[in-house]
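What follows is the content of query-v4.cif, which has mmCIF, C-alpha atoms:
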data_model
#
loop_
_atom_site.label_atom_id
_atom_site.label_comp_id
_atom_site.auth_asym_id
_atom_site.auth_seq_id
_atom_site.Cartn_x
_atom_site.Cartn_y
_atom_site.Cartn_z
CA MET A 1 0.00 0.00 0.00
CA THR A 2 1.45 3.35 -1.04
CA ASP A 3 1.78 6.44 1.13
CA MET A 4 -0.88 9.13 0.75
CA ASP A 5 -0.11 11.77 -1.83
CA PRO A 6 -0.55 15.51 -1.02
CA ALA A 7 -1.68 16.02 -4.63
CA HIS A 8 -4.87 14.04 -3.88
CA LEU A 9 -5.89 16.05 -0.82
CA VAL A 10 -9.01 18.19 -0.58
CA SER A 11 -6.97 20.96 1.05
CA ASP A 12 -3.30 21.95 1.27
CA ARG A 13 -3.67 22.33 5.05
CA TYR A 14 -2.99 18.87 6.37
CA ARG A 15 -1.30 16.96 9.18
CA GLU A 16 1.04 14.06 8.60
CA TYR A 17 1.26 10.82 10.58
CA SER A 18 2.98 7.50 10.24
CA LEU A 19 0.72 4.58 11.09
CA ARG A 20 2.11 1.18 11.96
CA HIS A 21 -0.24 -1.72 11.34
CA PHE A 22 -0.64 -5.16 12.89
CA ASP A 23 1.20 -6.82 9.99
CA GLY A 24 4.29 -4.69 10.63
CA LYS A 25 3.73 -2.41 7.63
CA SER A 26 3.83 1.38 8.01
CA ARG A 27 2.10 4.04 5.98
CA ARG A 28 2.37 7.81 5.83
CA VAL A 29 -1.15 9.26 6.08
CA LEU A 30 -2.22 12.86 5.51
CA VAL A 31 -5.18 14.22 7.41
CA VAL A 32 -7.41 17.16 6.59
CA ASP A 33 -9.93 18.45 9.15
CA HIS A 34 -12.94 18.14 6.88
CA GLU A 35 -15.87 15.81 7.49
CA VAL A 36 -17.86 14.29 4.63
CA PRO A 37 -21.39 13.47 5.82
CA PHE A 38 -22.64 9.89 5.50
CA PRO A 39 -25.26 9.76 2.72
CA ASP A 40 -28.86 9.22 3.86
CA GLY A 41 -30.36 5.81 3.13
CA LYS A 42 -27.15 4.15 1.96
CA LEU A 43 -25.03 1.33 3.35
CA ILE A 44 -21.32 1.00 2.76
CA VAL A 45 -20.58 -2.66 2.13
CA SER A 46 -17.26 -4.42 1.79
CA ARG A 47 -15.91 -7.91 2.10
CA THR A 48 -12.42 -9.08 2.86
CA ASP A 49 -10.67 -12.41 2.75
CA SER A 50 -9.63 -14.06 5.99
CA GLN A 51 -6.47 -11.89 6.06
CA GLY A 52 -8.41 -8.61 5.92
CA ILE A 53 -7.67 -7.95 2.23
CA ILE A 54 -10.57 -6.23 0.43
CA THR A 55 -12.33 -8.50 -2.09
CA HIS A 56 -15.59 -6.58 -2.62
CA ALA A 57 -16.56 -2.91 -2.42
CA ASN A 58 -19.99 -1.51 -3.22
CA GLN A 59 -20.51 1.85 -4.94
CA ALA A 60 -21.19 3.67 -1.66
CA PHE A 61 -17.83 2.45 -0.35
CA ILE A 62 -16.09 3.71 -3.48
CA ASP A 63 -17.89 7.07 -3.33
CA MET A 64 -17.21 7.63 0.37
CA SER A 65 -13.61 6.42 0.46
CA GLY A 66 -12.59 8.43 -2.59
CA TYR A 67 -10.69 5.48 -4.02
CA THR A 68 -11.54 3.66 -7.24
CA ARG A 69 -12.65 0.05 -7.07
CA ASP A 70 -9.29 -1.03 -8.53
CA GLU A 71 -7.45 0.92 -5.83
CA LEU A 72 -9.45 -0.80 -3.07
CA ILE A 73 -9.56 -4.42 -4.21
CA GLY A 74 -6.47 -6.26 -3.02
CA GLU A 75 -5.58 -3.70 -0.36
CA PRO A 76 -5.83 -4.26 3.40
CA HIS A 77 -9.00 -2.81 4.95
CA TYR A 78 -6.78 -0.58 7.10
CA ILE A 79 -6.31 1.64 4.03
CA LEU A 80 -9.17 3.56 5.72
CA ARG A 81 -7.49 3.79 9.12
CA HIS A 82 -7.63 7.31 10.57
CA PRO A 83 -4.95 8.26 13.13
CA ASP A 84 -7.67 9.53 15.49
CA MET A 85 -8.85 5.93 15.96
CA PRO A 86 -7.36 4.11 18.97
CA ALA A 87 -5.58 0.85 18.23
CA ALA A 88 -7.65 -0.83 20.94
CA ALA A 89 -10.82 -0.42 18.84
CA PHE A 90 -9.36 -2.53 16.05
CA LYS A 91 -7.93 -5.06 18.48
CA ASP A 92 -11.44 -5.46 19.88
CA LEU A 93 -12.79 -5.84 16.33
CA TRP A 94 -10.37 -8.65 15.43
CA ASP A 95 -10.63 -10.35 18.83
CA THR A 96 -14.44 -10.38 18.50
CA LEU A 97 -14.39 -11.70 14.95
CA GLY A 98 -11.80 -14.27 16.00
CA ARG A 99 -14.35 -15.65 18.47
CA GLY A 100 -16.81 -15.97 15.57
CA GLU A 101 -18.96 -13.14 16.91
CA LYS A 102 -20.47 -10.00 15.42
CA TRP A 103 -18.69 -6.69 16.10
CA HIS A 104 -20.30 -3.24 16.28
CA GLY A 105 -18.58 0.07 16.68
CA TYR A 106 -18.31 3.70 15.67
CA VAL A 107 -15.39 4.34 13.36
CA LYS A 108 -13.78 7.45 11.92
CA ASN A 109 -12.51 6.57 8.46
CA LEU A 110 -9.86 8.33 6.40
CA ARG A 111 -10.55 9.13 2.76
CA LYS A 112 -8.07 9.22 -0.07
CA ASP A 113 -8.41 13.03 -0.12
CA GLY A 114 -7.47 13.30 3.58
CA ALA A 115 -11.01 14.15 4.73
CA TYR A 116 -12.92 11.80 7.05
CA TYR A 117 -16.35 10.25 7.57
CA TRP A 118 -17.94 8.63 10.59
CA VAL A 119 -19.79 5.33 10.38
CA TYR A 120 -21.56 2.86 12.61
CA ALA A 121 -19.90 -0.36 11.50
CA THR A 122 -20.92 -3.98 11.90
CA ALA A 123 -18.59 -6.80 10.88
CA ILE A 124 -19.25 -10.52 10.82
CA PRO A 125 -17.25 -13.58 9.82
CA ASN A 126 -18.40 -15.25 6.59
CA ILE A 127 -18.73 -18.91 7.46
CA ARG A 128 -18.99 -21.48 4.68
CA GLU A 129 -18.99 -25.19 5.53
CA ASN A 130 -17.83 -24.37 9.06
CA GLN A 131 -14.81 -22.40 7.82
CA VAL A 132 -14.25 -18.65 8.08
CA VAL A 133 -13.62 -17.63 4.47
CA GLY A 134 -13.68 -13.87 5.02
CA TYR A 135 -15.51 -11.02 6.67
CA THR A 136 -18.39 -8.74 5.69
CA SER A 137 -18.50 -5.19 6.98
CA VAL A 138 -21.56 -2.98 6.64
CA ARG A 139 -21.42 0.67 7.64
CA ARG A 140 -24.44 2.88 8.21
CA LYS A 141 -25.18 6.46 9.21
CA PRO A 142 -24.43 7.10 12.89
CA SER A 143 -26.12 9.63 15.16
CA ARG A 144 -24.28 12.84 15.94
CA THR A 145 -24.76 12.21 19.66
CA ARG A 146 -22.88 8.91 19.42
CA ILE A 147 -20.15 10.46 17.26
CA ASN A 148 -19.58 13.21 19.82
CA ALA A 149 -19.34 10.64 22.61
CA CYS A 150 -16.81 8.64 20.58
CA ILE A 151 -14.68 11.70 19.80
CA GLU A 152 -14.10 12.16 23.55
CA LEU A 153 -13.72 8.46 24.29
CA TYR A 154 -11.26 7.80 21.47
CA ALA A 155 -9.15 10.86 22.40
CA ARG A 156 -8.83 9.46 25.96
CA MET A 157 -7.98 6.00 24.65
CA ARG A 158 -5.31 7.36 22.30
CA ALA A 159 -3.80 9.42 25.11
CA GLU A 160 -3.58 6.27 27.25
CA GLU A 161 -2.04 4.33 24.38
CA ALA A 162 0.51 7.12 23.80
CA SER A 163 1.49 7.25 27.47
CA HIS A 164 1.77 3.44 27.56
CA ASP A 165 3.99 3.51 24.44
CA ALA A 166 6.16 6.26 25.96
CA ALA A 167 6.56 4.28 29.19
CA THR A 168 7.44 1.13 27.25
CA HIS A 169 10.00 2.92 25.09
CA SER A 170 11.62 4.69 28.07
CA GLN A 171 12.31 1.42 29.86
CA PRO A 172 15.99 0.45 29.76
CA MET B 173 -45.53 -35.82 -5.59
CA THR B 174 -47.18 -32.42 -5.55
CA LEU B 175 -44.75 -29.58 -4.93
CA GLN B 176 -45.76 -26.81 -2.57
CA LEU B 177 -45.13 -23.27 -3.83
CA THR B 178 -45.57 -20.19 -1.69
CA VAL B 179 -44.87 -16.49 -1.94
CA SER B 180 -43.67 -14.05 0.69
CA PRO B 181 -46.84 -12.44 2.10
CA ASP B 182 -45.55 -8.95 1.27
CA PHE B 183 -46.34 -9.34 -2.44
CA THR B 184 -48.52 -6.56 -3.82
CA PRO B 185 -52.25 -7.44 -3.94
CA ASP B 186 -52.32 -6.49 -7.63
CA HIS B 187 -50.22 -9.56 -8.38
CA ILE B 188 -52.21 -12.30 -6.62
CA ALA B 189 -53.65 -13.47 -9.93
CA GLY B 190 -50.15 -13.30 -11.44
CA TRP B 191 -48.81 -15.87 -9.00
CA TYR B 192 -51.61 -18.30 -9.95
CA VAL B 193 -50.77 -17.74 -13.63
CA PHE B 194 -47.09 -18.38 -12.82
CA ASN B 195 -48.00 -21.57 -10.97
CA THR B 196 -49.99 -22.87 -13.93
CA TRP B 197 -47.18 -21.96 -16.33
CA LEU B 198 -44.59 -23.73 -14.14
CA GLN B 199 -46.68 -26.91 -13.91
CA ARG B 200 -47.06 -27.05 -17.67
CA HIS B 201 -43.35 -26.58 -18.35
CA LEU B 202 -42.06 -28.84 -15.59
CA GLY B 203 -44.71 -31.52 -16.07
CA THR B 204 -45.12 -31.61 -12.31
CA ARG B 205 -48.10 -30.89 -10.08
CA ILE B 206 -47.55 -27.74 -8.00
CA HIS B 207 -49.88 -26.36 -5.37
CA LEU B 208 -49.72 -22.62 -4.72
CA GLU B 209 -50.46 -21.65 -1.12
CA LEU B 210 -50.61 -17.94 -0.32
CA TYR B 211 -50.38 -17.27 3.41
CA ASP B 212 -52.01 -14.22 4.96
CA ASP B 213 -49.05 -13.33 7.13
CA PHE B 214 -45.41 -14.13 7.85
CA THR B 215 -46.22 -16.07 11.02
CA SER B 216 -48.42 -18.63 9.29
CA GLN B 217 -45.95 -18.94 6.42
CA ARG B 218 -43.07 -19.56 8.85
CA GLN B 219 -45.13 -22.24 10.58
CA ALA B 220 -45.61 -23.96 7.23
CA ILE B 221 -41.86 -23.75 6.55
CA ALA B 222 -41.09 -25.17 9.99
CA ALA B 223 -43.46 -28.06 9.25
CA ASP B 224 -41.66 -28.75 5.93
CA LYS B 225 -44.77 -27.87 3.92
CA VAL B 226 -42.88 -25.67 1.44
CA ASP B 227 -40.79 -26.77 -1.56
CA LEU B 228 -40.53 -23.58 -3.59
CA ILE B 229 -40.71 -20.10 -2.15
CA TYR B 230 -40.39 -16.55 -3.38
CA ALA B 231 -38.77 -15.49 -0.14
CA ASN B 232 -38.37 -12.23 1.69
CA PRO B 233 -34.66 -11.57 2.31
CA TYR B 234 -35.34 -11.59 6.04
CA ASP B 235 -36.52 -15.21 5.85
CA ALA B 236 -33.84 -16.30 3.39
CA ALA B 237 -31.31 -16.82 6.19
CA MET B 238 -33.50 -19.31 8.00
CA LEU B 239 -34.50 -21.09 4.77
CA VAL B 240 -30.93 -21.47 3.48
CA ARG B 241 -29.02 -22.04 6.69
CA GLU B 242 -31.54 -23.98 8.76
CA LYS B 243 -33.81 -25.68 6.23
CA GLY B 244 -31.32 -26.45 3.44
CA PHE B 245 -32.96 -24.37 0.69
CA SER B 246 -30.92 -23.25 -2.33
CA ALA B 247 -31.18 -20.06 -4.36
CA ILE B 248 -32.30 -20.32 -7.96
CA ALA B 249 -33.11 -16.87 -9.27
CA ALA B 250 -33.94 -13.32 -8.30
CA PRO B 251 -36.07 -10.72 -10.08
CA ILE B 252 -34.18 -8.30 -12.32
CA ASN B 253 -34.02 -4.67 -11.11
CA GLN B 254 -36.26 -5.34 -8.13
CA PRO B 255 -34.31 -4.54 -4.97
CA ASP B 256 -36.22 -4.24 -1.70
CA GLU B 257 -35.90 -0.61 -0.70
CA ALA B 258 -37.70 1.18 2.13
CA VAL B 259 -39.17 4.67 2.36
CA ILE B 260 -39.87 6.66 5.50
CA ALA B 261 -42.61 9.17 4.80
CA VAL B 262 -44.61 11.75 6.75
CA ALA B 263 -47.74 13.77 6.00
CA ALA B 264 -46.95 16.57 3.54
CA GLY B 265 -47.71 19.22 6.15
CA SER B 266 -45.54 17.64 8.83
CA ALA B 267 -43.01 19.78 10.67
CA PHE B 268 -40.44 17.03 10.13
CA HIS B 269 -38.18 17.61 7.13
CA MET B 270 -35.34 15.19 7.80
CA VAL B 271 -34.70 12.15 9.98
CA GLU B 272 -32.63 14.18 12.44
CA ASP B 273 -35.77 16.29 13.19
CA LEU B 274 -37.51 13.26 14.71
CA GLN B 275 -37.74 12.96 18.49
CA PRO B 276 -38.20 10.18 21.08
CA GLY B 277 -41.85 9.23 21.49
CA LEU B 278 -42.19 9.11 17.69
CA ARG B 279 -45.31 7.27 16.51
CA ILE B 280 -44.46 4.83 13.72
CA VAL B 281 -46.94 3.00 11.52
CA ASN B 282 -45.78 -0.02 9.53
CA THR B 283 -46.85 -3.37 8.11
CA SER B 284 -45.51 -6.79 9.10
CA ASP B 285 -42.96 -6.70 6.23
CA PRO B 286 -39.78 -7.68 8.12
CA ASP B 287 -37.09 -6.32 5.82
CA VAL B 288 -38.84 -2.98 5.35
CA ASN B 289 -39.23 -2.65 9.11
CA LEU B 290 -35.58 -3.56 9.68
CA ILE B 291 -34.33 -1.03 7.11
CA GLY B 292 -36.82 1.56 8.37
CA MET B 293 -35.55 1.32 11.96
CA ILE B 294 -31.94 1.54 10.73
CA MET B 295 -32.78 4.75 8.90
CA LEU B 296 -34.07 6.22 12.20
CA GLU B 297 -30.77 5.58 14.00
CA PRO B 298 -29.22 8.94 13.05
CA ALA B 299 -31.96 10.52 15.23
CA ASP B 300 -31.05 8.20 18.16
CA LEU B 301 -34.38 6.43 17.76
CA ASN B 302 -34.94 2.74 18.37
CA LYS B 303 -37.72 0.37 19.39
CA ASP B 304 -37.39 1.40 23.03
CA ASN B 305 -38.07 5.12 22.53
CA THR B 306 -40.66 4.92 19.75
CA LYS B 307 -44.21 3.56 19.52
CA THR B 308 -45.14 1.31 16.62
CA GLN B 309 -48.58 0.50 15.28
CA GLN B 310 -48.83 -2.33 12.75
CA VAL B 311 -51.48 -2.35 10.02
CA ASN B 312 -52.35 -4.76 7.21
CA SER B 313 -51.42 -2.78 4.11
CA TYR B 314 -49.34 0.12 2.86
CA VAL B 315 -52.54 1.99 1.96
CA LEU B 316 -53.43 1.84 5.66
CA VAL B 317 -49.94 3.09 6.54
CA ALA B 318 -50.62 6.12 4.34
CA LYS B 319 -54.09 6.57 5.82
CA ASN B 320 -52.70 6.63 9.36
CA LEU B 321 -50.28 9.37 8.35
CA LEU B 322 -52.97 11.44 6.65
CA THR B 323 -55.30 11.19 9.64
CA GLY B 324 -52.55 12.14 12.07
CA LYS B 325 -52.60 8.80 13.90
CA ALA B 326 -48.88 8.33 13.26
CA ASP B 327 -45.89 10.62 12.71
CA VAL B 328 -43.91 8.49 10.25
CA GLY B 329 -44.72 5.49 8.09
CA PHE B 330 -42.50 2.73 6.73
CA PHE B 331 -43.19 1.68 3.13
CA LEU B 332 -41.73 -0.79 0.67
CA LYS B 333 -40.57 1.64 -2.03
CA ASP B 334 -42.47 -0.19 -4.77
CA ALA B 335 -45.65 -0.04 -2.71
CA PHE B 336 -45.10 3.64 -1.94
CA ASP B 337 -44.62 4.44 -5.63
CA ALA B 338 -47.80 2.50 -6.42
CA LEU B 339 -49.98 4.67 -4.13
CA SER B 340 -52.48 6.85 -5.95
CA ALA B 341 -51.42 10.30 -7.07
CA VAL B 342 -53.96 11.81 -4.68
CA ILE B 343 -52.36 10.08 -1.69
CA LEU B 344 -48.79 10.72 -2.85
CA ARG B 345 -49.48 14.46 -3.05
CA GLN B 346 -50.35 14.42 0.66
CA LEU B 347 -47.15 12.63 1.72
CA LYS B 348 -43.52 13.71 1.98
CA VAL B 349 -40.49 11.39 1.83
CA LEU B 350 -37.97 11.89 4.64
CA VAL B 351 -35.51 9.25 3.45
CA SER B 352 -35.42 6.45 0.94
CA SER B 353 -32.99 3.55 1.15
CA GLN B 354 -30.50 2.84 -1.66
CA ILE B 355 -29.10 -0.53 -0.63
CA SER B 356 -29.51 -2.36 -3.98
CA VAL B 357 -28.45 -5.85 -2.90
CA VAL B 358 -31.31 -6.80 -0.58
CA ARG B 359 -34.01 -8.50 -2.60
CA HIS B 360 -36.47 -11.35 -2.73
CA THR B 361 -35.17 -14.64 -4.10
CA LEU B 362 -36.75 -17.80 -5.41
CA LEU B 363 -35.52 -20.68 -3.25
CA ILE B 364 -35.95 -24.42 -3.72
CA GLY B 365 -36.18 -26.90 -0.88
CA PRO B 366 -33.96 -29.94 -0.36
CA ARG B 367 -36.67 -32.41 -1.50
CA CYS B 368 -36.57 -30.91 -5.02
CA GLY B 369 -32.82 -30.57 -5.49
CA ALA B 370 -32.94 -32.74 -8.63
CA MET B 371 -34.99 -30.21 -10.57
CA LYS B 372 -32.95 -27.16 -9.54
CA GLU B 373 -31.07 -26.63 -12.80
CA THR B 374 -34.12 -27.36 -14.96
CA LEU B 375 -36.12 -24.80 -13.03
CA ARG B 376 -33.32 -22.24 -13.16
CA SER B 377 -33.03 -22.54 -16.96
CA LEU B 378 -36.78 -22.27 -17.31
CA LEU B 379 -36.98 -19.10 -15.24
CA LEU B 380 -34.03 -17.44 -16.98
CA SER B 381 -35.66 -18.12 -20.37
CA MET B 382 -38.97 -16.49 -19.46
CA ALA B 383 -38.02 -13.01 -20.69
CA GLN B 384 -36.44 -14.18 -23.93
CA PRO B 385 -38.06 -13.08 -27.21
CA GLY B 386 -40.80 -15.45 -28.27
CA SER B 387 -41.13 -17.03 -24.83
CA ASP B 388 -44.65 -17.68 -23.59
CA GLY B 389 -43.34 -16.62 -20.18
CA LYS B 390 -43.30 -12.91 -21.03
CA GLY B 391 -46.99 -12.44 -20.33
CA VAL B 392 -46.58 -14.36 -17.06
CA LEU B 393 -43.79 -12.00 -16.01
CA GLU B 394 -46.01 -9.03 -16.80
CA SER B 395 -48.75 -10.41 -14.59
CA LEU B 396 -46.17 -10.72 -11.78
CA GLY B 397 -44.90 -7.19 -12.36
CA LEU B 398 -41.39 -8.51 -13.07
CA GLU B 399 -38.97 -7.73 -15.91
CA GLY B 400 -37.50 -11.20 -15.72
CA TRP B 401 -35.37 -13.46 -13.57
CA GLU B 402 -31.61 -13.46 -13.24
CA ASP B 403 -29.30 -16.12 -11.92
CA GLN B 404 -28.83 -16.01 -8.17
CA ASP B 405 -26.15 -18.43 -7.14
CA GLN B 406 -25.65 -19.76 -3.64
CA GLU B 407 -22.74 -17.45 -2.82
CA ALA B 408 -24.72 -14.35 -3.85
CA THR B 409 -27.47 -15.51 -1.52
CA GLU B 410 -25.01 -16.25 1.29
CA PHE B 411 -23.61 -12.74 0.80
CA MET B 412 -27.09 -11.22 1.12
CA ILE B 413 -27.74 -13.31 4.22
CA ASP B 414 -24.44 -12.13 5.75
CA LEU B 415 -25.44 -8.57 4.96
CA MET B 416 -28.87 -9.03 6.59
CA ASP B 417 -27.08 -10.56 9.58
CA THR B 418 -25.05 -7.36 10.03
CA LEU B 419 -28.30 -5.38 10.13
CA THR B 420 -30.04 -7.44 12.80
CA GLU B 421 -29.21 -7.18 16.49
#
How does this structure look as structure tokens?
Amino acid sequence: MTDMDPAHLVSDRYREYSLRHFDGKSRRVLVVDHEVPFPDGKLIVSRTDSQGIITHANQAFIDMSGYTRDELIGEPHYILRHPDMPAAAFKDLWDTLGRGEKWHGYVKNLRKDGAYYWVYATAIPNIRENQVVGYTSVRRKPSRTRINACIELYARMRAEEASHDAATHSQP
Amino acid sequence: MTLQLTVSPDFTPDHIAGWYVFNTWLQRHLGTRIHLELYDDFTSQRQAIAADKVDLIYANPYDAAMLVREKGFSAIAAPINQPDEAVIAVAAGSAFHMVEDLQPGLRIVNTSDPDVNLIGMIMLEPADLNKDNTKTQQVNSYVLVAKNLLTGKADVGFFLKDAFDALSAVILRQLKVLVSSQISVVRHTLLIGPRCGAMKETLRSLLLSMAQPGSDGKGVLESLGLEGWEDQDQEATEFMIDLMDTLTE
């Protein structure tokens, strides 16, 4: 997965982060403080294989992410990862799916143009003949009340994660 | 053996005769006796399914999960360009202009159509509304949903989009759409039960040929209000079931 390109951004005022993912890969992401509202009546639908690689994206996913279908298929789902999201949220997602259970949560997603959109996401394992062959994720429009609660909660969680990382790195 | 055919009870009343025509057409082409049983409601249809009294069913997507995963049904075909979409509407003079205007205590009127009700409640979520802070009244038809809105007995109504569009112009002028779903992949499917697995491919070919030029099935499709059937393989159905699973609690 390539780093984000400033030429694609919706604004030239952006912040830069380096995100490290569970598979050891890092990516430079560029963030613009601009929210794109979730479209009324639509669902964003995607499927991944058992490794989290995108295998299906519906038109709403393409429209909201800002990527083309070709740019999404074959990429890890964390192409949407926004640095404002705490790592613990995604750990909970994968732990829950690993138990074969359904996961729900509010997620701030990063678009190709650096803007963001909030979703209420549900993910489930796709089970065929008793085997997990992939995952389906469906995102729908969240309430503003819930988003505001998550903004505060996720900021606290990220602060705790940062202080934990600092303590870990300062140990001899 | 006489096969038992049934149709999801949310079919439009205008097409009752069409399903009998379809049944006759199917019997002639398959050379098999088929009995069409139309149930008044989802509860009685589900009881018949539980008692293994159904072989072929034009199933609501909400019931497809149970039919495929618990009763061993397989998908054969789905109607072309006929997704199940839901509309939330209010009376034209209502003070509500968007979902976010709606408040707890909201009075909802709906039918027993399970997928429309599921999608309808999901479309209320942006207003922090759910079954615990709303009141729902269930009626027998979408015309009655509209009537309850026009008489002020309910604040919002849930409609199947096709049924909403089929309301008379006089009624439509007195209603206002707050939101309409655009999901595209949730739709009814024709499913075949495990007792009839041997005729699955024959039936699939027959259905897919109905809209072809010169086919005597074209008039039958018209009486059902369908453009035609398209192939719906098992994985496409499993995908739809997974998607429905993400939408239920």
Could you tell me which residues the PyMOL selection byres ((chain B and resi 210) around 10) returns for this structure, as a CSV table (one decimal) with C-alpha atoms, in the coordinates of the input?
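Below is the file result.csv, written as the result:
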chain,number,residue,atom,x,y,z
B,177,LEU,CA,-45.1,-23.3,-3.8
B,178,THR,CA,-45.6,-20.2,-1.7
B,179,VAL,CA,-44.9,-16.5,-1.9
B,180,SER,CA,-43.7,-14.0,0.7
B,181,PRO,CA,-46.8,-12.4,2.1
B,183,PHE,CA,-46.3,-9.3,-2.4
B,188,ILE,CA,-52.2,-12.3,-6.6
B,191,TRP,CA,-48.8,-15.9,-9.0
B,192,TYR,CA,-51.6,-18.3,-10.0
B,207,HIS,CA,-49.9,-26.4,-5.4
B,208,LEU,CA,-49.7,-22.6,-4.7
B,209,GLU,CA,-50.5,-21.6,-1.1
B,211,TYR,CA,-50.4,-17.3,3.4
B,212,ASP,CA,-52.0,-14.2,5.0
B,213,ASP,CA,-49.0,-13.3,7.1
B,216,SER,CA,-48.4,-18.6,9.3
B,217,GLN,CA,-46.0,-18.9,6.4
Written as a PyMOL selection string, which residues does the PyMOL selection byres ((chain B) within 8 of (chain A)) give for the file shown?
chain B and resi 295+297-300+351-355+414-415+417-419
Under the rule that only C-alpha atoms are counted, which of B:Lys319, B:Arg359, B:His269, B:His187 is the nearest residue to Val281 (chain B)?
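Closest to Val281 (chain B), using only C-alpha atoms: B:Lys319.
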Grab the CA of Leu97 (chain A) to CA of Asp304 (chain B) distance for me, in Å with one decimal place.
27.7 Å
Could you please determine the separation between CA of Val317 (chain B) and CA of Ile229 (chain B) in Å, to one decimal place?
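The value is 26.4 Å.
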May I have the residues at most 8 Å from (-6.3, 20.1, -2.2) in the file's coordinates, counting all atoms listed in the file, as a list in words?
Pro6, Ala7, His8, Leu9, Val10, Ser11, Asp12 and Asp113 of chain A
Counting all atoms listed in the file, find the residues whose atoms lie at most 7 Å from (-14.3, -15.2, 3.1) (file coordinates) and write them out as number ranges by chain.
A: 48-50, 126, 132-135
Between B:Asn253, B:Val311, B:Lys325, B:Arg367, smallest distance to Val226 (chain B) by all atoms listed in the file belongs to B:Arg367
With distances taken over only C-alpha atoms, the candidate from A:Arg69, A:Lys25, A:Arg156, A:His34 nearest Asn109 (chain A) is A:His34
For His82 (chain A), find every residue with an atom within 9 Å (counting all atoms listed in the file), except residues of its own chain fewer than 5 positions away, and show them as a list of chain:residue names.
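Non-adjacent residues within range: A:Leu19, A:Val29, A:Val31, A:Val107, A:Lys108, A:Asn109, A:Leu110, A:Arg111, A:Tyr116.
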Pull out every residue that the PyMOL selection byres ((chain B and resi 198) around 12) matches in the shown coordinates and put them as number ranges by chain.
B: 175, 177, 191-197, 199-208, 228, 374-379, 382, 388-389, 392-393
What is the CA of Lys333 (chain B)-CA of Phe38 (chain A) distance in Å, reported with one decimal?
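For CA of Lys333 (chain B) relative to CA of Phe38 (chain A), the distance reads 21.1 Å.
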As a ChimeraX atom specification, please: the residues near Arg81 (chain A) (cut-off 12 Å, only C-alpha atoms, same-chain neighbours under 3 positions excluded).
/A:4,17-22,26-31,65,76-78,84-87,89-90,107-112,114-118
Give the padded box for region 42-60 of chain A as lines of an AutoDock Vina configuration file: axis-aligned, covering all atoms listed in the file, 6 Å on each side, centre and edge lengths in Å to one decimal.
center_x = -16.8
center_y = -5.0
center_z = 0.6
size_x = 32.7
size_y = 30.2
size_z = 23.0
Spatial neighbours of Gln406 (chain B), max dist 9 Å, all atoms listed in the file, sep filter under 6 positions, as a compact mmCIF listing (two decimals) with C-alpha atoms, in the frame of the given file:
# COMPACT_ATOMS: atom_id res chain seq x y z
CA SER B 246 -30.92 -23.25 -2.33
CA ALA B 247 -31.18 -20.06 -4.36
CA ILE B 248 -32.30 -20.32 -7.96
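Between Asp334 (chain B) and the residues B:Ala189, B:Ile221, B:Leu290, B:Ala258, the shortest atom-to-atom distance, using only C-alpha atoms, involves B:Ala258.
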